[in-house]
2 protein chains.
Amino acid sequence: MTESRQEPVLASTSPRQPFVADDVLLLGPGPSTVSTRVREAMLQPLLGHLDPQFTALMDRVQDDVRLAFATAHPFTLVLPATGTGGMEATLSTTIEPGDRVVVAVSGYFGERMRDIATRVGGDVVEVRAEPGRAVEADAVIAAMRAGPTRVVAMVHAETSTGVLQDPLPIALVAREVGALVVLDCVTSLGGVAVELDAWGIDAAYSCSQKCLGAPPGLSPVSLSPRAERKLAARARHPSSFYFDPALLAAYWGPQRLYHHTAPVSTFYALAAALDEVAAEGLPARWARHREVAQALARGLEALGLVLLVPPQQRAPMLTTVLVPEETDDAAVRARLRQRHRIEVGGGLGALRGRVWRVGLMGHGARPAHVERLLVALGEELQRDPADALAAARLDG
Amino acid sequence: MTESRQEPVLASTSPRQPFVADDVLLLGPGPSTVSTRVREAMLQPLLGHLDPQFTALMDRVQDDVRLAFATAHPFTLVLPATGTGGMEATLSTTIEPGDRVVVAVSGYFGERMRDIATRVGGDVVEVRAEPGRAVEADAVIAAMRAGPTRVVAMVHAETSTGVLQDPLPIALVAREVGALVVLDCVTSLGGVAVELDAWGIDAAYSCSQKCLGAPPGLSPVSLSPRAERKLAARARHPSSFYFDPALLAAYWGPQRLYHHTAPVSTFYALAAALDEVAAEGLPARWARHREVAQALARGLEALGLVLLVPPQQRAPMLTTVLVPEETDDAAVRARLRQRHRIEVGGGLGALRGRVWRVGLMGHGARPAHVERLLVALGEELQRDPADALAAARLDG
């Protein structure tokens with residue numbers, strides 16, 4: 001083995017300063033601020049990814065994820081990837097090359113579904129929403145009936161616009177025409193009701209870092225038996241080994257066949273976050289997200305700001321507010337970050353520069369955070385926050 | 001939105017016991033035991049994945065990863081995935097459907113490269129090693145010359161056997177015949193010299209949880225300008241969005257275009273681990289791995305055990321030892337885990353039940369760990385460890 005080396009080599013001549021993260025209140029589109037207990041879980045010593053204590057923890061996480069998704073699907077597990085990995089895994093699993101795929105697009109993440117569905121060989125029909133609105137269910141249904149649709153895909157809570165899409169009417173027709181239903185629950189899971197089995201969802205995915213309240217790096221996914229049967233009958237394997245459902249199931253099943261090295265520390269954090277979800281109870285958690293979002297909306301409007309989405313279509317964990325005329329989007333966000341230690345998201349895709357995205361997710365969805373943001377925004381926009389604070393006050 | 005729910009719901013009626021991980025000394029094939037400082041880094045509050053402080057940390061990690069790989073490749077970054085994700089990303093990027101691909105296989109991970117190369121459409125020629133030996137460079141070279149080879153792929157340190165493969169003679173011929181060279185550095189990086197540029201490697205990947213000393217969940221990768229040019233000239237995009245190099249580069253480049261939500265906490269840990277690598281210095285770290293591995297080998301042989309790999313082909317961070325005749329492999333490993341709080345790996349693939357895999361990686365590669373293992377193994381095999389401890393003693 002050659003041991004000669006060229007300079008430079010990774011070797012410090014002087015001690016480095018360790019990285020120290022600012023303590024920022026994360027009110028963007030995710031990651032969201034997590035509890036101290038969740039972070040402390042990662043202090044624990046690592047276990048091996050096949051250790052019996054760790055695989056028992058995987059079982060516990062799997063049970064919790066099933067309950068969170070409200071599903072009995074045997075194929076429910078957690079990918080070593082972000083939510084986009086879950087999107088790719090479910091679309092590449094449910095779509096065979098040449099399949100007619102209807103994608104409901106109301107923003108950036110619907111476009112991403114469309115793009116991935118195209119990459120994996122789908123013959124994609126896109127049904128678009130007006131900006132800041134949900135996709136019309138009737139338009140999606142018409143598109144599904146216009147040809148032999150194999151898959152319909154949509155985003156439950158569109159993170160780029162803050163729109164909530166009701167998947168039920170679309171899923172009902174999908175069942176009738178024999179199409180599989182793929183639902184993006186990246187932003188919704190843990191913050192609003194998600195019911196895979198009651199709604200007839202065949203493939204769903206989420207992430208760890210939004211309403212579940214853990215750090216990023218993991219993606220809960222679930223496949224229905226219908227989706228598993230289609231997979232088993234495929235002429236050709238999905239090309240991905242990393243996201244191969246059969247190999248993933250062998251690691252998550254009783255055989256515990258090695259497939260990848262699970263991100264052990266992040267699992268500790270996710271398990272602790274799911275403990276917090278269970279302690280609060282999902283229905284109480286949904287109510288908290290809803291109430292805090294409504295308080296934020298009242299407060300922002302009292303500041304004279306305009307929300308993008310009409311009330312009945314708002315996703316409770318992500319609020320989009322129009323950047324006021326003659327206001328410098330990036331400068332305000334930079335000052336919120338630097339002077340107030342608050343992160344707020346900018347617009348994505350077509351909404352770049354036009355909206356701010358305020359996430360109140362998981363541990364971060366609290367009245368005190370709403371107040372802190374309203375005060376900071378009032379200061380930066382030179383508007384008195386008194387009325388906004390009064391409007392945002394929660395009863396009780 | 002439907003809010004009716006079926007029972008059961010994720011809501012505890014009584015407080016749960018938080019998960020408490022045993023403190024296990026990880027001497028398996030990885031994850032390896034990490035330092036307290038690295039775990040403490042994850043206690044820090046989360047930053048947004050586009051936060052200027054976080055993107056500055058990405059730059060710092062990127063610089064360190066370039067130094068660790070000994071490369072100037074502009075395309076050097078860290079994937080939000082495990083080492084297997086790195087394998088899939090590099091093979092799907094360098095291999096176009098129909099390409100003749102020569103894969104050197106000396107164990108389970110070479111087989112995995114072969115399988116993924118096949119899935120992404122490669123016309124794969126496999127060159128196998130004798131069990132427990134490196135692949136003969138001459139055989140690989142002959143296979144490369146036997147047809148118009150576009151890619152040659154091999155594992156630097158084969159984690160299933162503990163064999164170290166010298167990539168240099170193969171890479172030299174690859175350059176001559178115009179093939180791209182893919183090198184798996186999952187187990188080698190940080191524990192033995194890796195020199196992408198000096199060796200002429202076009203695509204390499206590693207992981208965070210072995211000799212770099214961080215938790216699992218991240219995969220450093222590097223592509224040469226040659227590999228980038230081939231990618232740019234492809235007739236068709238790689239099918240993966242998650243592993244698309246152009247999209248990853250846009251997030252890692254000055255534009256910071258959103259592609260995925262980086263696993264922020266794991267990056268904190270990786271950055272702290274790279275600080276430790278820099279403080280020690282790579283050459284000193286390689287020497288430590290080599291010396292501790294040699295001590296382990298002497299100790300195991302003094303216990304009467306037989307190593308699988310001849311000394312000149314041993315990877316210093318992973319030692320494979322034959323399970324003695326009439327010894328119950330699984331029972332011994334279970335007692336090491338339960339009574340001694342030590343994890344040792346079992347055999348993988350063809351070596352299942354036939355070897356134990358002892359990893360001395362990163363923070364875990366220390367003489368005290370060798371001693372603790374020799375005492376425990378002596379007890380479980382009912383052999384006096386005194387001679388083994390004497391043999392394992394390091395000079396100085």
# chains A, B, ... in the order shown; residues from 1 in each chain; ligands from 1
$ select_by_dssp --residues "segment 91-151 of chain B" --states "strand (DSSP E)" --output "ChimeraX atom specification"
/B:100-105,123-128,149-151
$ write_last_selection --atoms "all heavy atoms" --output "mmCIF file, in the first residue's frame"
data_model
loop_
_atom_site.group_PDB
_atom_site.id
_atom_site.type_symbol
_atom_site.label_atom_id
_atom_site.label_comp_id
_atom_site.auth_asym_id
_atom_site.auth_seq_id
_atom_site.Cartn_x
_atom_site.Cartn_y
_atom_site.Cartn_z
ATOM 1 N N ARG B 100 -19.663 -1.498 -19.861
ATOM 2 C CA ARG B 100 -18.933 -2.660 -19.334
ATOM 3 C C ARG B 100 -18.256 -2.241 -18.034
ATOM 4 O O ARG B 100 -17.477 -1.285 -18.002
ATOM 5 C CB ARG B 100 -17.910 -3.126 -20.356
ATOM 6 C CG ARG B 100 -17.194 -4.413 -19.988
ATOM 7 C CD ARG B 100 -16.343 -4.921 -21.165
ATOM 8 N NE ARG B 100 -15.910 -6.297 -20.945
ATOM 9 C CZ ARG B 100 -14.812 -6.633 -20.286
ATOM 10 N NH1 ARG B 100 -14.034 -5.694 -19.779
ATOM 11 N NH2 ARG B 100 -14.486 -7.916 -20.125
ATOM 12 N N VAL B 101 -18.564 -2.950 -16.951
ATOM 13 C CA VAL B 101 -18.076 -2.606 -15.616
ATOM 14 C C VAL B 101 -17.354 -3.814 -15.031
ATOM 15 O O VAL B 101 -17.939 -4.902 -14.923
ATOM 16 C CB VAL B 101 -19.245 -2.205 -14.686
ATOM 17 C CG1 VAL B 101 -18.715 -1.816 -13.311
ATOM 18 C CG2 VAL B 101 -20.075 -1.082 -15.290
ATOM 19 N N VAL B 102 -16.093 -3.643 -14.655
ATOM 20 C CA VAL B 102 -15.353 -4.716 -13.985
ATOM 21 C C VAL B 102 -15.406 -4.459 -12.485
ATOM 22 O O VAL B 102 -15.064 -3.367 -12.025
ATOM 23 C CB VAL B 102 -13.891 -4.770 -14.481
ATOM 24 C CG1 VAL B 102 -13.079 -5.758 -13.653
ATOM 25 C CG2 VAL B 102 -13.860 -5.137 -15.966
ATOM 26 N N VAL B 103 -15.882 -5.454 -11.730
ATOM 27 C CA VAL B 103 -15.973 -5.314 -10.277
ATOM 28 C C VAL B 103 -15.078 -6.358 -9.627
ATOM 29 O O VAL B 103 -15.210 -7.559 -9.902
ATOM 30 C CB VAL B 103 -17.422 -5.473 -9.777
ATOM 31 C CG1 VAL B 103 -17.492 -5.234 -8.267
ATOM 32 C CG2 VAL B 103 -18.360 -4.518 -10.502
ATOM 33 N N ALA B 104 -14.163 -5.884 -8.792
ATOM 34 C CA ALA B 104 -13.298 -6.778 -8.015
ATOM 35 C C ALA B 104 -14.041 -7.169 -6.743
ATOM 36 O O ALA B 104 -14.446 -6.299 -5.972
ATOM 37 C CB ALA B 104 -11.988 -6.069 -7.672
ATOM 38 N N VAL B 105 -14.225 -8.462 -6.529
ATOM 39 C CA VAL B 105 -15.056 -8.927 -5.413
ATOM 40 C C VAL B 105 -14.224 -9.815 -4.492
ATOM 41 O O VAL B 105 -13.780 -10.898 -4.881
ATOM 42 C CB VAL B 105 -16.279 -9.718 -5.929
ATOM 43 C CG1 VAL B 105 -17.072 -10.288 -4.751
ATOM 44 C CG2 VAL B 105 -17.170 -8.829 -6.790
ATOM 45 N N ASP B 123 -23.077 -3.664 -17.528
ATOM 46 C CA ASP B 123 -22.793 -5.011 -18.039
ATOM 47 C C ASP B 123 -21.584 -5.488 -17.237
ATOM 48 O O ASP B 123 -20.444 -5.171 -17.549
ATOM 49 C CB ASP B 123 -22.492 -4.905 -19.529
ATOM 50 C CG ASP B 123 -22.040 -6.223 -20.121
ATOM 51 O OD1 ASP B 123 -22.297 -7.276 -19.499
ATOM 52 O OD2 ASP B 123 -21.408 -6.187 -21.195
ATOM 53 N N VAL B 124 -21.847 -6.236 -16.156
ATOM 54 C CA VAL B 124 -20.853 -6.431 -15.104
ATOM 55 C C VAL B 124 -20.003 -7.681 -15.323
ATOM 56 O O VAL B 124 -20.525 -8.763 -15.607
ATOM 57 C CB VAL B 124 -21.546 -6.510 -13.721
ATOM 58 C CG1 VAL B 124 -20.544 -6.894 -12.642
ATOM 59 C CG2 VAL B 124 -22.197 -5.174 -13.391
ATOM 60 N N VAL B 125 -18.702 -7.497 -15.224
ATOM 61 C CA VAL B 125 -17.743 -8.611 -15.219
ATOM 62 C C VAL B 125 -17.161 -8.675 -13.811
ATOM 63 O O VAL B 125 -16.593 -7.701 -13.322
ATOM 64 C CB VAL B 125 -16.611 -8.371 -16.235
ATOM 65 C CG1 VAL B 125 -15.607 -9.512 -16.202
ATOM 66 C CG2 VAL B 125 -17.185 -8.154 -17.624
ATOM 67 N N GLU B 126 -17.332 -9.808 -13.174
ATOM 68 C CA GLU B 126 -16.886 -9.955 -11.785
ATOM 69 C C GLU B 126 -15.547 -10.681 -11.758
ATOM 70 O O GLU B 126 -15.368 -11.687 -12.433
ATOM 71 C CB GLU B 126 -17.955 -10.765 -11.046
ATOM 72 C CG GLU B 126 -17.635 -11.043 -9.606
ATOM 73 C CD GLU B 126 -18.713 -11.919 -8.965
ATOM 74 O OE1 GLU B 126 -19.780 -12.127 -9.590
ATOM 75 O OE2 GLU B 126 -18.475 -12.416 -7.848
ATOM 76 N N VAL B 127 -14.624 -10.165 -10.960
ATOM 77 C CA VAL B 127 -13.342 -10.854 -10.742
ATOM 78 C C VAL B 127 -13.251 -11.165 -9.256
ATOM 79 O O VAL B 127 -13.220 -10.254 -8.433
ATOM 80 C CB VAL B 127 -12.151 -9.983 -11.189
ATOM 81 C CG1 VAL B 127 -10.840 -10.749 -11.002
ATOM 82 C CG2 VAL B 127 -12.313 -9.539 -12.631
ATOM 83 N N ARG B 128 -13.235 -12.417 -8.930
ATOM 84 C CA ARG B 128 -13.336 -12.825 -7.516
ATOM 85 C C ARG B 128 -11.979 -13.158 -6.930
ATOM 86 O O ARG B 128 -11.080 -13.648 -7.606
ATOM 87 C CB ARG B 128 -14.216 -14.059 -7.373
ATOM 88 C CG ARG B 128 -15.687 -13.788 -7.529
ATOM 89 C CD ARG B 128 -16.507 -14.902 -6.899
ATOM 90 N NE ARG B 128 -16.601 -14.747 -5.475
ATOM 91 C CZ ARG B 128 -17.645 -14.163 -4.847
ATOM 92 N NH1 ARG B 128 -18.653 -13.710 -5.530
ATOM 93 N NH2 ARG B 128 -17.642 -14.055 -3.540
ATOM 94 N N THR B 149 -13.829 -1.510 -21.305
ATOM 95 C CA THR B 149 -14.278 -1.267 -19.938
ATOM 96 C C THR B 149 -14.466 0.221 -19.674
ATOM 97 O O THR B 149 -13.576 1.024 -19.955
ATOM 98 C CB THR B 149 -13.252 -1.852 -18.955
ATOM 99 O OG1 THR B 149 -13.086 -3.251 -19.265
ATOM 100 C CG2 THR B 149 -13.712 -1.703 -17.512
ATOM 101 N N ARG B 150 -15.618 0.564 -19.143
ATOM 102 C CA ARG B 150 -15.927 1.974 -18.846
ATOM 103 C C ARG B 150 -15.711 2.316 -17.379
ATOM 104 O O ARG B 150 -15.451 3.459 -17.041
ATOM 105 C CB ARG B 150 -17.388 2.282 -19.212
ATOM 106 C CG ARG B 150 -17.707 2.057 -20.686
ATOM 107 C CD ARG B 150 -17.229 3.223 -21.546
ATOM 108 N NE ARG B 150 -17.462 2.947 -22.953
ATOM 109 C CZ ARG B 150 -16.495 2.784 -23.855
ATOM 110 N NH1 ARG B 150 -15.209 2.864 -23.509
ATOM 111 N NH2 ARG B 150 -16.789 2.527 -25.118
ATOM 112 N N VAL B 151 -15.899 1.317 -16.514
ATOM 113 C CA VAL B 151 -15.791 1.556 -15.069
ATOM 114 C C VAL B 151 -15.157 0.328 -14.426
ATOM 115 O O VAL B 151 -15.458 -0.806 -14.813
ATOM 116 C CB VAL B 151 -17.189 1.815 -14.433
ATOM 117 C CG1 VAL B 151 -17.088 1.966 -12.917
ATOM 118 C CG2 VAL B 151 -17.869 3.034 -15.047
#
$ residues_around --residues "Pro310 of chain B" --least-positions-apart "6" --cutoff "10 Å" --atoms "only C-alpha atoms" --output "PyMOL selection string"
chain B and resi 132-134+163
$ atom_distance --atom1 "atom CA of Val24 of chain A" --atom2 "atom CA of Arg366 of chain A"
15.1 Å
$ select_by_dssp --residues "segment 276-309 of chain B" --states "alpha helix (DSSP H)" --output "ChimeraX atom specification"
/B:276-280,282-302
$ write_last_selection --atoms "C-alpha atoms" --output "PDB file, in the first residue's frame"
ATOM      1  CA  GLU B 276     -10.477  15.155  16.531  1.00  0.00           C
ATOM      2  CA  VAL B 277      -8.958  13.662  13.391  1.00  0.00           C
ATOM      3  CA  ALA B 278      -7.199  16.956  12.661  1.00  0.00           C
ATOM      4  CA  ALA B 279      -5.969  17.282  16.238  1.00  0.00           C
ATOM      5  CA  GLU B 280      -4.456  13.802  16.102  1.00  0.00           C
ATOM      6  CA  LEU B 282      -4.050  11.584   9.884  1.00  0.00           C
ATOM      7  CA  PRO B 283      -0.593   9.945   9.753  1.00  0.00           C
ATOM      8  CA  ALA B 284      -0.621   9.481  13.544  1.00  0.00           C
ATOM      9  CA  ARG B 285      -4.155   8.105  13.311  1.00  0.00           C
ATOM     10  CA  TRP B 286      -3.111   5.558  10.688  1.00  0.00           C
ATOM     11  CA  ALA B 287      -0.163   4.526  12.852  1.00  0.00           C
ATOM     12  CA  ARG B 288      -2.442   4.088  15.858  1.00  0.00           C
ATOM     13  CA  HIS B 289      -4.826   1.878  13.906  1.00  0.00           C
ATOM     14  CA  ARG B 290      -1.929  -0.217  12.600  1.00  0.00           C
ATOM     15  CA  GLU B 291      -0.264  -0.671  15.979  1.00  0.00           C
ATOM     16  CA  VAL B 292      -3.451  -1.526  17.813  1.00  0.00           C
ATOM     17  CA  ALA B 293      -4.439  -4.005  15.106  1.00  0.00           C
ATOM     18  CA  GLN B 294      -1.061  -5.701  15.314  1.00  0.00           C
ATOM     19  CA  ALA B 295      -1.393  -5.922  19.090  1.00  0.00           C
ATOM     20  CA  LEU B 296      -4.824  -7.480  18.675  1.00  0.00           C
ATOM     21  CA  ALA B 297      -3.496  -9.990  16.171  1.00  0.00           C
ATOM     22  CA  ARG B 298      -0.667 -11.027  18.495  1.00  0.00           C
ATOM     23  CA  GLY B 299      -3.094 -11.356  21.375  1.00  0.00           C
ATOM     24  CA  LEU B 300      -5.642 -13.406  19.452  1.00  0.00           C
ATOM     25  CA  GLU B 301      -2.937 -15.755  18.188  1.00  0.00           C
ATOM     26  CA  ALA B 302      -1.577 -16.113  21.720  1.00  0.00           C
TER      27      ALA B 302
END
$ atom_distance --atom1 "atom CA of Thr161 of chain B" --atom2 "atom CA of Ala193 of chain B"
18.8 Å
$ atom_distance --atom1 "atom CA of Leu172 of chain A" --atom2 "atom CA of Glu136 of chain A"
14.6 Å
$ residues_around --residues "Arg256 of chain B" --least-positions-apart "4" --cutoff "12 Å" --atoms "only C-alpha atoms" --output "PyMOL selection string"
chain B and resi 49-52+54-56+58-59+247-252+260-262
$ write_last_selection --atoms "N, CA, C and O atoms" --output "PDB file, in the first residue's frame"
ATOM      1  N   HIS B  49     -31.173  24.185   7.863  1.00  0.00           N
ATOM      2  CA  HIS B  49     -30.248  23.603   6.884  1.00  0.00           C
ATOM      3  C   HIS B  49     -29.772  24.630   5.866  1.00  0.00           C
ATOM      4  O   HIS B  49     -28.885  24.335   5.069  1.00  0.00           O
ATOM      5  N   LEU B  50     -30.368  25.836   5.866  1.00  0.00           N
ATOM      6  CA  LEU B  50     -29.880  26.907   4.998  1.00  0.00           C
ATOM      7  C   LEU B  50     -29.355  28.084   5.818  1.00  0.00           C
ATOM      8  O   LEU B  50     -29.018  29.133   5.268  1.00  0.00           O
ATOM      9  N   ASP B  51     -29.254  27.900   7.122  1.00  0.00           N
ATOM     10  CA  ASP B  51     -28.746  28.957   8.002  1.00  0.00           C
ATOM     11  C   ASP B  51     -27.286  29.255   7.657  1.00  0.00           C
ATOM     12  O   ASP B  51     -26.504  28.346   7.412  1.00  0.00           O
ATOM     13  N   PRO B  52     -26.916  30.541   7.648  1.00  0.00           N
ATOM     14  CA  PRO B  52     -25.522  30.869   7.273  1.00  0.00           C
ATOM     15  C   PRO B  52     -24.483  30.213   8.193  1.00  0.00           C
ATOM     16  O   PRO B  52     -23.397  29.849   7.726  1.00  0.00           O
ATOM     17  N   PHE B  54     -24.850  27.312   9.610  1.00  0.00           N
ATOM     18  CA  PHE B  54     -24.792  25.897   9.240  1.00  0.00           C
ATOM     19  C   PHE B  54     -24.094  25.702   7.902  1.00  0.00           C
ATOM     20  O   PHE B  54     -23.292  24.778   7.738  1.00  0.00           O
ATOM     21  N   THR B  55     -24.359  26.571   6.943  1.00  0.00           N
ATOM     22  CA  THR B  55     -23.694  26.392   5.647  1.00  0.00           C
ATOM     23  C   THR B  55     -22.186  26.653   5.789  1.00  0.00           C
ATOM     24  O   THR B  55     -21.384  26.029   5.093  1.00  0.00           O
ATOM     25  N   ALA B  56     -21.814  27.522   6.728  1.00  0.00           N
ATOM     26  CA  ALA B  56     -20.374  27.688   6.995  1.00  0.00           C
ATOM     27  C   ALA B  56     -19.793  26.391   7.579  1.00  0.00           C
ATOM     28  O   ALA B  56     -18.658  26.011   7.269  1.00  0.00           O
ATOM     29  N   MET B  58     -20.919  23.433   6.873  1.00  0.00           N
ATOM     30  CA  MET B  58     -20.809  22.530   5.718  1.00  0.00           C
ATOM     31  C   MET B  58     -19.493  22.784   4.976  1.00  0.00           C
ATOM     32  O   MET B  58     -18.804  21.842   4.563  1.00  0.00           O
ATOM     33  N   ASP B  59     -19.143  24.057   4.798  1.00  0.00           N
ATOM     34  CA  ASP B  59     -17.883  24.377   4.123  1.00  0.00           C
ATOM     35  C   ASP B  59     -16.691  23.783   4.881  1.00  0.00           C
ATOM     36  O   ASP B  59     -15.759  23.248   4.272  1.00  0.00           O
ATOM     37  N   LEU B 247     -27.883  18.268  -8.404  1.00  0.00           N
ATOM     38  CA  LEU B 247     -28.729  18.893  -7.384  1.00  0.00           C
ATOM     39  C   LEU B 247     -27.986  18.990  -6.053  1.00  0.00           C
ATOM     40  O   LEU B 247     -28.109  19.974  -5.322  1.00  0.00           O
ATOM     41  N   LEU B 248     -27.201  17.937  -5.741  1.00  0.00           N
ATOM     42  CA  LEU B 248     -26.405  17.973  -4.512  1.00  0.00           C
ATOM     43  C   LEU B 248     -25.371  19.096  -4.580  1.00  0.00           C
ATOM     44  O   LEU B 248     -25.157  19.824  -3.603  1.00  0.00           O
ATOM     45  N   ALA B 249     -24.736  19.236  -5.741  1.00  0.00           N
ATOM     46  CA  ALA B 249     -23.709  20.277  -5.890  1.00  0.00           C
ATOM     47  C   ALA B 249     -24.309  21.669  -5.759  1.00  0.00           C
ATOM     48  O   ALA B 249     -23.663  22.593  -5.253  1.00  0.00           O
ATOM     49  N   ALA B 250     -25.555  21.838  -6.196  1.00  0.00           N
ATOM     50  CA  ALA B 250     -26.192  23.155  -6.096  1.00  0.00           C
ATOM     51  C   ALA B 250     -26.473  23.514  -4.636  1.00  0.00           C
ATOM     52  O   ALA B 250     -26.472  24.687  -4.265  1.00  0.00           O
ATOM     53  N   TYR B 251     -26.715  22.502  -3.798  1.00  0.00           N
ATOM     54  CA  TYR B 251     -26.901  22.777  -2.369  1.00  0.00           C
ATOM     55  C   TYR B 251     -25.555  23.031  -1.692  1.00  0.00           C
ATOM     56  O   TYR B 251     -25.432  23.895  -0.822  1.00  0.00           O
ATOM     57  N   TRP B 252     -24.528  22.289  -2.112  1.00  0.00           N
ATOM     58  CA  TRP B 252     -23.203  22.443  -1.495  1.00  0.00           C
ATOM     59  C   TRP B 252     -22.411  23.601  -2.080  1.00  0.00           C
ATOM     60  O   TRP B 252     -21.383  23.993  -1.527  1.00  0.00           O
ATOM     61  N   HIS B 260     -32.275  18.989  -0.048  1.00  0.00           N
ATOM     62  CA  HIS B 260     -32.783  18.138   1.034  1.00  0.00           C
ATOM     63  C   HIS B 260     -32.478  18.866   2.342  1.00  0.00           C
ATOM     64  O   HIS B 260     -31.715  19.833   2.352  1.00  0.00           O
ATOM     65  N   THR B 261     -33.061  18.389   3.425  1.00  0.00           N
ATOM     66  CA  THR B 261     -32.786  18.957   4.735  1.00  0.00           C
ATOM     67  C   THR B 261     -31.640  18.162   5.366  1.00  0.00           C
ATOM     68  O   THR B 261     -31.815  17.009   5.748  1.00  0.00           O
ATOM     69  N   ALA B 262     -30.481  18.764   5.430  1.00  0.00           N
ATOM     70  CA  ALA B 262     -29.305  18.060   5.938  1.00  0.00           C
ATOM     71  C   ALA B 262     -29.542  17.581   7.371  1.00  0.00           C
ATOM     72  O   ALA B 262     -30.181  18.278   8.158  1.00  0.00           O
TER      73      ALA B 262
END
$ closest_residue --among "B:Pro324, B:Gly200, B:Pro216, B:Gly304" --to "chain A" --atoms "only C-alpha atoms"
B:Pro216
$ closest_residue --among "A:Gly107, A:Val135, A:Ser265, A:Arg145" --to "chain B" --atoms "only C-alpha atoms"
A:Ser265
$ decode --residues "segment 133-147 of chain A" --atoms "C-alpha atoms" --output "compact mmCIF listing (two decimals), in the first residue's frame"
# COMPACT_ATOMS: atom_id res chain seq x y z
CA ARG A 133 -54.80 27.02 -3.17
CA ALA A 134 -55.37 23.29 -2.88
CA VAL A 135 -55.75 21.31 -6.08
CA GLU A 136 -59.40 20.92 -7.08
CA ALA A 137 -60.37 17.33 -6.27
CA ASP A 138 -62.72 17.27 -9.27
CA ALA A 139 -59.90 18.17 -11.63
CA VAL A 140 -57.71 15.37 -10.23
CA ILE A 141 -60.61 12.92 -10.48
CA ALA A 142 -61.29 13.93 -14.08
CA ALA A 143 -57.63 13.40 -14.92
CA MET A 144 -57.71 9.98 -13.26
CA ARG A 145 -60.75 8.97 -15.28
CA ALA A 146 -59.30 10.27 -18.55
CA GLY A 147 -56.97 7.29 -18.92
